[in-house]
Every structure is written in structure tokens, then in C-alpha cells.
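The structure file input25.cif is reproduced below (mmCIF, C-alpha atoms).
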```
data_coords
#
loop_
_atom_site.label_atom_id
_atom_site.label_comp_id
_atom_site.auth_asym_id
_atom_site.auth_seq_id
_atom_site.Cartn_x
_atom_site.Cartn_y
_atom_site.Cartn_z
CA MET A 1 115.99 102.59 46.43
CA ASN A 2 114.58 104.18 49.59
CA ASN A 3 112.89 107.57 49.67
CA PHE A 4 115.64 109.22 51.67
CA ILE A 5 114.96 111.94 54.18
CA ILE A 6 117.36 114.78 53.37
CA THR A 7 116.76 118.18 54.87
CA ASN A 8 119.37 120.22 56.72
CA SER A 9 122.16 117.65 56.39
CA ASP A 10 123.00 118.79 52.86
CA LYS A 11 124.55 121.92 54.38
CA TYR A 12 127.26 119.78 56.01
CA THR A 13 128.66 117.84 53.06
CA LYS A 14 132.15 119.32 53.54
CA PHE A 15 132.35 117.15 56.68
CA PHE A 16 131.52 113.94 54.81
CA THR A 17 135.18 112.92 54.73
CA PRO A 18 137.42 110.35 56.46
CA ASP A 19 138.66 113.15 58.72
CA PHE A 20 135.25 113.39 60.42
CA LEU A 21 133.18 110.29 59.68
CA MET A 22 133.82 107.28 61.92
CA GLY A 23 131.20 105.02 60.36
CA PRO A 24 127.89 105.31 58.44
CA ASN A 25 127.17 108.99 57.92
CA CYS A 26 126.14 110.22 61.36
CA ILE A 27 124.79 113.52 60.02
CA ARG A 28 122.27 111.83 57.74
CA ILE A 29 121.15 109.65 60.65
CA LEU A 30 120.93 112.58 63.06
CA ASP A 31 119.03 114.67 60.54
CA GLU A 32 116.34 112.02 60.31
CA LEU A 33 115.95 111.97 64.10
CA LEU A 34 115.62 115.76 64.31
CA THR A 35 113.21 115.78 61.38
CA ALA A 36 110.97 113.33 63.22
CA TYR A 37 111.41 115.12 66.57
CA PRO A 38 112.36 118.77 65.95
CA LEU A 39 113.94 120.58 68.89
CA THR A 40 113.86 124.38 68.97
CA PHE A 41 115.88 125.97 71.76
CA SER A 42 118.03 128.95 72.73
CA ARG A 43 121.61 128.97 74.02
CA GLU A 44 120.27 128.81 77.59
CA ASN A 45 119.05 125.30 76.84
CA LYS A 46 121.49 122.40 77.18
CA ILE A 47 121.78 119.19 75.14
CA LEU A 48 124.15 116.32 75.84
CA ASP A 49 125.62 114.75 72.70
CA LEU A 50 126.55 111.37 74.16
CA GLY A 51 129.28 109.81 72.04
CA CYS A 52 130.01 112.82 69.84
CA GLY A 53 133.06 111.36 68.10
CA LYS A 54 134.91 114.14 66.32
CA GLY A 55 132.17 116.63 67.06
CA ILE A 56 130.29 117.00 63.79
CA THR A 57 127.06 115.75 65.37
CA SER A 58 127.50 118.36 68.11
CA LEU A 59 128.02 121.07 65.49
CA PHE A 60 124.86 119.99 63.66
CA ILE A 61 122.79 119.86 66.85
CA ALA A 62 124.02 123.30 67.97
CA ASN A 63 123.27 124.92 64.63
CA GLU A 64 119.92 123.24 64.02
CA THR A 65 118.43 123.45 67.54
CA GLY A 66 120.03 126.65 68.86
CA ALA A 67 121.06 125.01 72.15
CA THR A 68 124.40 124.82 73.94
CA ILE A 69 125.88 121.37 73.45
CA TYR A 70 127.89 119.27 75.87
CA ALA A 71 129.95 117.23 73.43
CA ASN A 72 130.85 114.07 75.28
CA ASN A 73 133.16 111.36 74.03
CA PHE A 74 135.18 108.61 75.67
CA TRP A 75 137.25 107.69 72.59
CA VAL A 76 138.34 111.05 71.16
CA THR A 77 140.36 113.30 73.45
CA THR A 78 138.92 116.54 74.78
CA GLU A 79 141.98 118.38 73.46
CA GLU A 80 141.30 117.21 69.90
CA ASN A 81 137.69 118.38 70.02
CA ILE A 82 138.58 121.70 71.66
CA SER A 83 140.88 122.41 68.73
CA ARG A 84 138.15 121.60 66.23
CA PHE A 85 135.52 123.63 68.08
CA ASN A 86 137.80 126.66 68.11
CA GLU A 87 138.39 126.28 64.36
CA TRP A 88 134.62 126.26 63.88
CA ASP A 89 134.26 129.39 66.06
CA MET A 90 131.99 127.43 68.42
CA ASN A 91 133.85 128.07 71.65
CA GLY A 92 131.31 128.29 74.49
CA ILE A 93 128.58 126.77 72.32
CA LEU A 94 130.17 123.34 72.02
CA ILE A 95 131.48 122.32 75.44
CA PRO A 96 133.73 119.25 75.30
CA SER A 97 133.51 116.67 78.07
CA TYR A 98 135.09 113.31 78.77
CA GLU A 99 132.57 111.28 80.77
CA ASP A 100 131.95 107.55 81.07
CA ALA A 101 128.29 106.93 80.16
CA ASN A 102 128.07 104.43 83.00
CA CYS A 103 128.77 107.09 85.63
CA LEU A 104 127.89 110.56 84.31
CA SER A 105 128.70 113.28 86.85
CA PHE A 106 126.41 116.06 85.59
CA GLU A 107 123.75 117.70 87.74
CA LEU A 108 120.43 115.86 87.71
CA GLU A 109 117.79 117.16 85.27
CA ILE A 110 120.30 119.52 83.65
CA PHE A 111 119.63 118.66 79.99
CA ASP A 112 116.66 119.62 77.84
CA ALA A 113 117.60 116.68 75.63
CA ILE A 114 120.15 113.91 75.34
CA ILE A 115 121.12 112.71 71.86
CA SER A 116 123.32 109.74 71.03
CA ILE A 117 124.28 108.69 67.50
CA ASP A 118 125.94 105.32 66.76
CA ALA A 119 127.27 104.92 70.30
CA TYR A 120 124.51 103.90 72.71
CA HIS A 121 124.65 100.18 71.88
CA TYR A 122 128.23 99.95 73.13
CA PHE A 123 127.31 100.65 76.75
CA ALA A 124 123.54 100.56 77.26
CA GLY A 125 122.28 97.07 76.44
CA LYS A 126 121.46 96.30 80.07
CA GLU A 127 118.11 96.25 81.83
CA ASP A 128 117.42 99.44 83.82
CA PHE A 129 120.47 101.22 82.34
CA PHE A 130 118.29 103.85 80.67
CA ALA A 131 116.17 104.55 83.75
CA GLU A 132 119.15 104.68 86.12
CA LYS A 133 121.97 106.16 84.01
CA ILE A 134 120.32 108.39 81.38
CA LEU A 135 116.82 109.54 82.34
CA PRO A 136 117.78 111.25 85.64
CA PHE A 137 119.83 113.85 83.71
CA VAL A 138 116.87 114.88 81.50
CA LYS A 139 114.52 117.68 82.51
CA CYS A 140 110.84 116.92 82.88
CA GLY A 141 109.30 117.27 79.44
CA GLY A 142 112.67 116.66 77.78
CA TYR A 143 113.64 114.17 75.11
CA VAL A 144 116.18 111.43 74.57
CA LEU A 145 116.90 110.73 70.89
CA ILE A 146 119.06 107.73 69.99
CA ALA A 147 120.19 106.13 66.73
CA ILE A 148 122.07 102.84 66.74
CA PRO A 149 122.89 100.04 64.32
CA GLY A 150 120.75 96.98 64.84
CA ILE A 151 119.20 93.98 63.15
CA LYS A 152 115.95 93.78 61.22
CA GLU A 153 114.66 91.00 63.45
CA GLU A 154 116.01 89.23 66.49
CA PHE A 155 116.79 85.95 64.66
CA GLU A 156 116.13 84.11 67.94
CA GLY A 157 119.51 85.01 69.35
CA GLN A 158 121.44 83.92 66.26
CA GLN A 159 122.82 87.35 65.38
CA GLU A 160 126.25 86.37 66.69
CA VAL A 161 126.40 83.62 64.05
CA LEU A 162 125.03 85.81 61.25
CA LEU A 163 127.22 88.83 61.97
CA LYS A 164 130.42 87.30 63.35
CA ASP A 165 132.43 87.43 60.09
CA TRP A 166 131.89 91.19 60.06
CA LEU A 167 131.70 92.15 63.75
CA GLY A 168 133.34 89.35 65.69
CA ASP A 169 132.66 89.77 69.42
CA GLU A 170 130.63 92.94 68.85
CA SER A 171 127.87 90.89 67.17
CA SER A 172 126.13 90.55 70.52
CA LEU A 173 125.58 94.33 70.65
CA PHE A 174 123.17 94.31 67.68
CA HIS A 175 119.47 93.88 68.42
CA SER A 176 116.05 94.56 66.91
CA CYS A 177 113.60 97.43 67.40
CA ALA A 178 111.45 95.26 69.67
CA TRP A 179 114.44 94.27 71.81
CA TRP A 180 115.53 97.88 72.30
CA LYS A 181 112.00 99.05 73.13
CA ASN A 182 111.83 96.37 75.79
CA ILE A 183 115.26 97.20 77.25
CA ILE A 184 114.41 100.92 77.46
CA GLY A 185 111.44 99.86 79.55
CA THR A 186 108.31 101.58 80.79
CA LYS A 187 108.70 103.74 83.87
CA ASP A 188 106.24 106.10 85.54
CA GLU A 189 108.30 109.14 84.50
CA ILE A 190 108.34 108.17 80.79
CA GLU A 191 105.58 109.62 78.61
CA PHE A 192 106.37 107.52 75.53
CA VAL A 193 109.00 105.35 73.85
CA ASN A 194 108.98 105.16 70.04
CA VAL A 195 111.33 102.80 68.19
CA TRP A 196 111.56 102.46 64.40
CA GLU A 197 113.84 101.59 61.48
CA LEU A 198 115.44 104.69 59.99
CA SER A 199 114.86 105.49 56.31
CA ASN A 200 118.36 106.90 55.79
CA THR A 201 120.22 103.69 56.62
CA GLU A 202 121.20 102.93 53.03
CA LEU A 203 122.26 106.50 52.30
CA ALA A 204 124.36 106.68 55.48
CA TRP A 205 126.13 103.46 54.54
CA THR A 206 126.62 104.45 50.88
CA GLU A 207 128.34 107.70 51.84
CA TRP A 208 130.55 105.91 54.36
CA LEU A 209 131.63 103.18 51.94
CA LYS A 210 132.80 105.82 49.46
CA GLN A 211 135.41 107.04 51.95
CA GLU A 212 139.10 106.27 51.56
CA HIS A 213 139.25 104.86 55.07
CA SER A 214 140.54 101.45 56.14
CA PHE A 215 137.41 100.74 58.22
CA ALA A 216 135.14 101.69 55.32
CA LYS A 217 137.04 99.35 53.03
CA ALA A 218 136.72 96.55 55.57
CA ASP A 219 132.97 97.17 55.88
CA SER A 220 132.52 97.14 52.11
CA VAL A 221 133.60 93.50 51.98
CA HIS A 222 130.57 92.52 54.07
CA TYR A 223 128.04 95.09 52.92
CA GLU A 224 125.94 93.03 50.49
CA SER A 225 126.26 89.66 52.21
CA ILE A 226 125.74 90.74 55.84
CA ILE A 227 125.18 94.45 56.50
CA ARG A 228 122.50 95.19 53.92
CA LYS A 229 120.89 91.76 54.31
CA PHE A 230 120.49 91.61 58.08
CA THR A 231 121.05 95.04 59.62
CA THR A 232 119.45 98.46 59.83
CA PHE A 233 119.73 101.67 61.81
CA ILE A 234 117.25 102.03 64.64
CA GLY A 235 115.77 105.28 65.91
CA ILE A 236 114.63 105.60 69.51
CA ALA A 237 112.70 108.59 70.88
CA VAL A 238 111.79 108.89 74.54
CA LYS A 239 109.92 111.75 76.17
CA LYS A 240 110.08 112.33 79.91
CA LYS A 241 106.82 113.35 81.50
CA ARG A 242 106.26 116.93 82.61
CA LEU A 243 105.64 117.55 86.27
CA LYS A 244 101.97 117.57 87.19
CA ASN A 245 100.61 120.89 88.40
#
```

Starting from the file, lay out its structure as C-alpha cells.
Amino acid sequence: MNNFIITNSDKYTKFFTPDFLMGPNCIRILDELLTAYPLTFSRENKILDLGCGKGITSLFIANETGATIYANNFWVTTEENISRFNEWDMNGILIPSYEDANCLSFELEIFDAIISIDAYHYFAGKEDFFAEKILPFVKCGGYVLIAIPGIKEEFEGQQEVLLKDWLGDESSLFHSCAWWKNIIGTKDEIEFVNVWELSNTELAWTEWLKQEHSFAKADSVHYESIIRKFTTFIGIAVKKKRLKN
């Protein structure tokens, strides 16, 4: 059993239900990222939650960093999230948006940080995507924190064979830490790129598989033979350089 990292996420257990979770527990995963790279802001600061799902990651980020959150999702309607945000009394703190990650229309360098949990691999596995589509919206000195499912090693391009019974065509989206570090790239405006396997992977999966959800039940069939054997969750932290004086 892993030594799980559990800090602030225990305050959000009422959201660990099929009504909010859309896969392995995103709050546990996010908590590990923000434990490794704490962000302390005020409401004047802005964070983009890229791929916020039903908004619980945005709620966590807002509460734990103090920032105003742009809760962006391309799969869940803005109207649905507005309703939830109002119920949580987070109107004006959680700002819903419906933007395609391939063509974000925000002002350049508007965000103090961009965070993406269990979404980035769907649209960003292309060379120069990060530098062209993500980094321009981050302020100098700001961070990009990403967590995505991946594989423990690259298996020399055989992941589609190993994962196909579980993922089908989406097998090609899963890659290793080394692959993702390479695809993020090294640009003059990047101070560092850190990529690592998250410690909370098993916990996030365990809490998801307990859910009475059809997708969780489907995942449970493949957990021991494929998911636990070959996959992991990958953390990525990027810092944009500050402007030189």
C-alpha cells in the first residue's frame, strides 16, 4: 500500500459521489499537486481550471488558493455549472466558461496559474501545443499544474495493444513521464518542467471504483489486469520565467 498524500482533500468527501466524480478521484489528485506546488493568492488573482468537469476541482482550487477561478469545460454545459456554483454560494468566485482548449480566447498573460486535472491528454499530445496554446495565457512567474493518466513506461509504442481492451481507440492518448516531459518541451520562457508519478493514484482509483456508476463498474473489470499493472497518474509542473529587470 502506498503512503498516500492526504491533506485538504478530506474536507471534500461529501463530493466523492457519482454525482460529481467523472473518473478517478480528481480531488485527491489535485490535492497532491497543490501540496507539491502550493499556490497562495487573493481574489484579484486568476486561475484557469482547464477541463473542470462538474466543478469540484474549481471549488477546491478557489477555497485552497484564494484565487478567482475560471472554470472551463467543453463537455459539461455552462448552465449546469452555473447552477452548481450558485448552490455553493460561489457566484463571482467560480466563473464558468465554455472554451475549446485548442483556441482559447482569453487575454494573453491573464492567469496566475493554469491547472488541468484528468483532461489535458485528450487535446494536448502534440508537439508545440503547450508553448503555443497554453503558455501564452500564463503570467510571467506563473505556474501550469497538470495531472493526467499515463503509463509507467512507454512500452516502445505498444500501449495501444496493452490498453485496447480497456480504452479502445483512446489507448494512444496514454504516455509515460518521459514522453510528456519531452512533448512539453524546453522554451526560453520556461524556468522548469517537472514530471513525476503521483503517489495518490491508487487511492484515487479505489475511491472511484467504489462508486455506483456504470463507468466505474466498467473500469473495475480491467483494474487488476490492465489499469493497476500498466498505468499511473502523472503530475506535470511548469513555471514560466519572470521578466528580467

- Step by step, work through what the PyMOL selection byres ((chain A and resi 150) around 7) selects in the shown file, and finish by giving those residues as a list in words. Ile148, Pro149, Ile151, Lys152, Phe174, His175, Ser176, Thr231, Thr232, Phe233 and Ile234 of chain A

For C-alpha atoms, I'd like the residues from the last selection saved as a PDB file, keeping the file's coordinate frame.
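Result file follows (again.pdb):
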```pdb
ATOM      1  CA  ILE A 148     122.070 102.840  66.740  1.00  0.00           C
ATOM      2  CA  PRO A 149     122.890 100.040  64.320  1.00  0.00           C
ATOM      3  CA  ILE A 151     119.200  93.980  63.150  1.00  0.00           C
ATOM      4  CA  LYS A 152     115.950  93.780  61.220  1.00  0.00           C
ATOM      5  CA  PHE A 174     123.170  94.310  67.680  1.00  0.00           C
ATOM      6  CA  HIS A 175     119.470  93.880  68.420  1.00  0.00           C
ATOM      7  CA  SER A 176     116.050  94.560  66.910  1.00  0.00           C
ATOM      8  CA  THR A 231     121.050  95.040  59.620  1.00  0.00           C
ATOM      9  CA  THR A 232     119.450  98.460  59.830  1.00  0.00           C
ATOM     10  CA  PHE A 233     119.730 101.670  61.810  1.00  0.00           C
ATOM     11  CA  ILE A 234     117.250 102.030  64.640  1.00  0.00           C
TER      12      ILE A 234
END
```

- Message: Here is a test: counting only C-alpha atoms, which residue of A:Arg228, A:Leu34, A:Asp188, A:Glu107 is nearest to Leu203 in chain A?
- Response: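 Nearest to Leu203 in chain A: A:Arg228.
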
For range 103-140 of chain A against range 39-53 of chain A, with a cut-off of 8 Å and counting only C-alpha atoms, what is the closest atom pair and its distance in Å to one decimal for every residue that makes the cut, ordered by chain and number, as JSON lines?
```
{"residue": "A:Ile110", "atom": "CA", "partner": "A:Lys46", "partner_atom": "CA", "distance": 7.2}
{"residue": "A:Phe111", "atom": "CA", "partner": "A:Lys46", "partner_atom": "CA", "distance": 5.0}
{"residue": "A:Asp112", "atom": "CA", "partner": "A:Lys46", "partner_atom": "CA", "distance": 5.6}
{"residue": "A:Ala113", "atom": "CA", "partner": "A:Ile47", "partner_atom": "CA", "distance": 4.9}
{"residue": "A:Ile114", "atom": "CA", "partner": "A:Leu48", "partner_atom": "CA", "distance": 4.7}
{"residue": "A:Ile115", "atom": "CA", "partner": "A:Asp49", "partner_atom": "CA", "distance": 5.0}
{"residue": "A:Ser116", "atom": "CA", "partner": "A:Leu50", "partner_atom": "CA", "distance": 4.8}
{"residue": "A:Ile117", "atom": "CA", "partner": "A:Gly51", "partner_atom": "CA", "distance": 6.8}
{"residue": "A:Asp118", "atom": "CA", "partner": "A:Gly51", "partner_atom": "CA", "distance": 7.7}
{"residue": "A:Ala119", "atom": "CA", "partner": "A:Gly51", "partner_atom": "CA", "distance": 5.6}
{"residue": "A:Tyr120", "atom": "CA", "partner": "A:Gly51", "partner_atom": "CA", "distance": 7.6}
```

Could you write those residues out with C-alpha atoms, as a PDB file, in the coordinates of the input?
```pdb
ATOM      1  CA  ILE A 110     120.300 119.520  83.650  1.00  0.00           C
ATOM      2  CA  PHE A 111     119.630 118.660  79.990  1.00  0.00           C
ATOM      3  CA  ASP A 112     116.660 119.620  77.840  1.00  0.00           C
ATOM      4  CA  ALA A 113     117.600 116.680  75.630  1.00  0.00           C
ATOM      5  CA  ILE A 114     120.150 113.910  75.340  1.00  0.00           C
ATOM      6  CA  ILE A 115     121.120 112.710  71.860  1.00  0.00           C
ATOM      7  CA  SER A 116     123.320 109.740  71.030  1.00  0.00           C
ATOM      8  CA  ILE A 117     124.280 108.690  67.500  1.00  0.00           C
ATOM      9  CA  ASP A 118     125.940 105.320  66.760  1.00  0.00           C
ATOM     10  CA  ALA A 119     127.270 104.920  70.300  1.00  0.00           C
ATOM     11  CA  TYR A 120     124.510 103.900  72.710  1.00  0.00           C
TER      12      TYR A 120
END
```

- Message: One decimal, in Å: what's the spacing between CA of Lys241 in chain A and CA of Ala124 in chain A?
- Response: 21.5 Å

- Translate the PyMOL selection byres ((chain A and resi 242) around 8), as applied to the file shown, into an explicit residue set as a ChimeraX atom specification. /A:140-141,240-241,243-244

- Message: What's around Phe192 in chain A at 8 Å? Count all atoms listed in the file, leave out sequence neighbours fewer than 6 positions away in its own chain, and write the answer as a list in words.
- Response: Ala237, Val238, Lys239 and Lys240 of chain A

- Separation of CA of Ala71 in chain A from CA of Pro96 in chain A, in Å and rounded to one decimal: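 According to the coordinates, CA of Ala71 in chain A and CA of Pro96 in chain A are separated by 4.7 Å.
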
- Item | the PyMOL selection byres ((chain A and resi 158-166) around 12) resolved against shown file, as a PyMOL selection string | chain A and resi 150-157+167-176+215-231

- Determine, counting all atoms listed in the file, which protein, DNA and RNA residues have an atom within 8 Å of an atom of Asn81 in chain A; residues of the same chain fewer than 4 positions away are not included. Present the result as number ranges by chain. A: 54-55, 76-77, 85, 96

- Task: Have a look at A:Ile146, A:Thr78, A:Lys14, A:Glu191 and name the one nearest to Glu99 in chain A; count only C-alpha atoms.
- Result: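 Answer, going by the shortest atom-to-atom distance: A:Thr78.
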
- CA of Asn91 in chain A and CA of Ala147 in chain A are how many Å apart?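 Taking CA of Asn91 in chain A and CA of Ala147 in chain A, their separation equals 26.3 Å.
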
- Between A:Gly23, A:Ala67, A:Tyr122, A:Tyr98, which is the closest to Ile82 in chain A once you count only C-alpha atoms?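 Nearest to Ile82 in chain A: A:Tyr98.
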
- So which one's closest to Phe60 in chain A, A:Pro18, A:Ser9, A:Tyr37, A:Ser97? Using all atoms listed in the file, please. A:Ser9

- Counting only C-alpha atoms, the option among A:Ser199, A:Asn63, A:Gln211, A:Asn8 closest to Ile27 in chain A: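 Ranking A:Ser199, A:Asn63, A:Gln211, A:Asn8 by distance to Ile27 in chain A, first place goes to A:Asn8.
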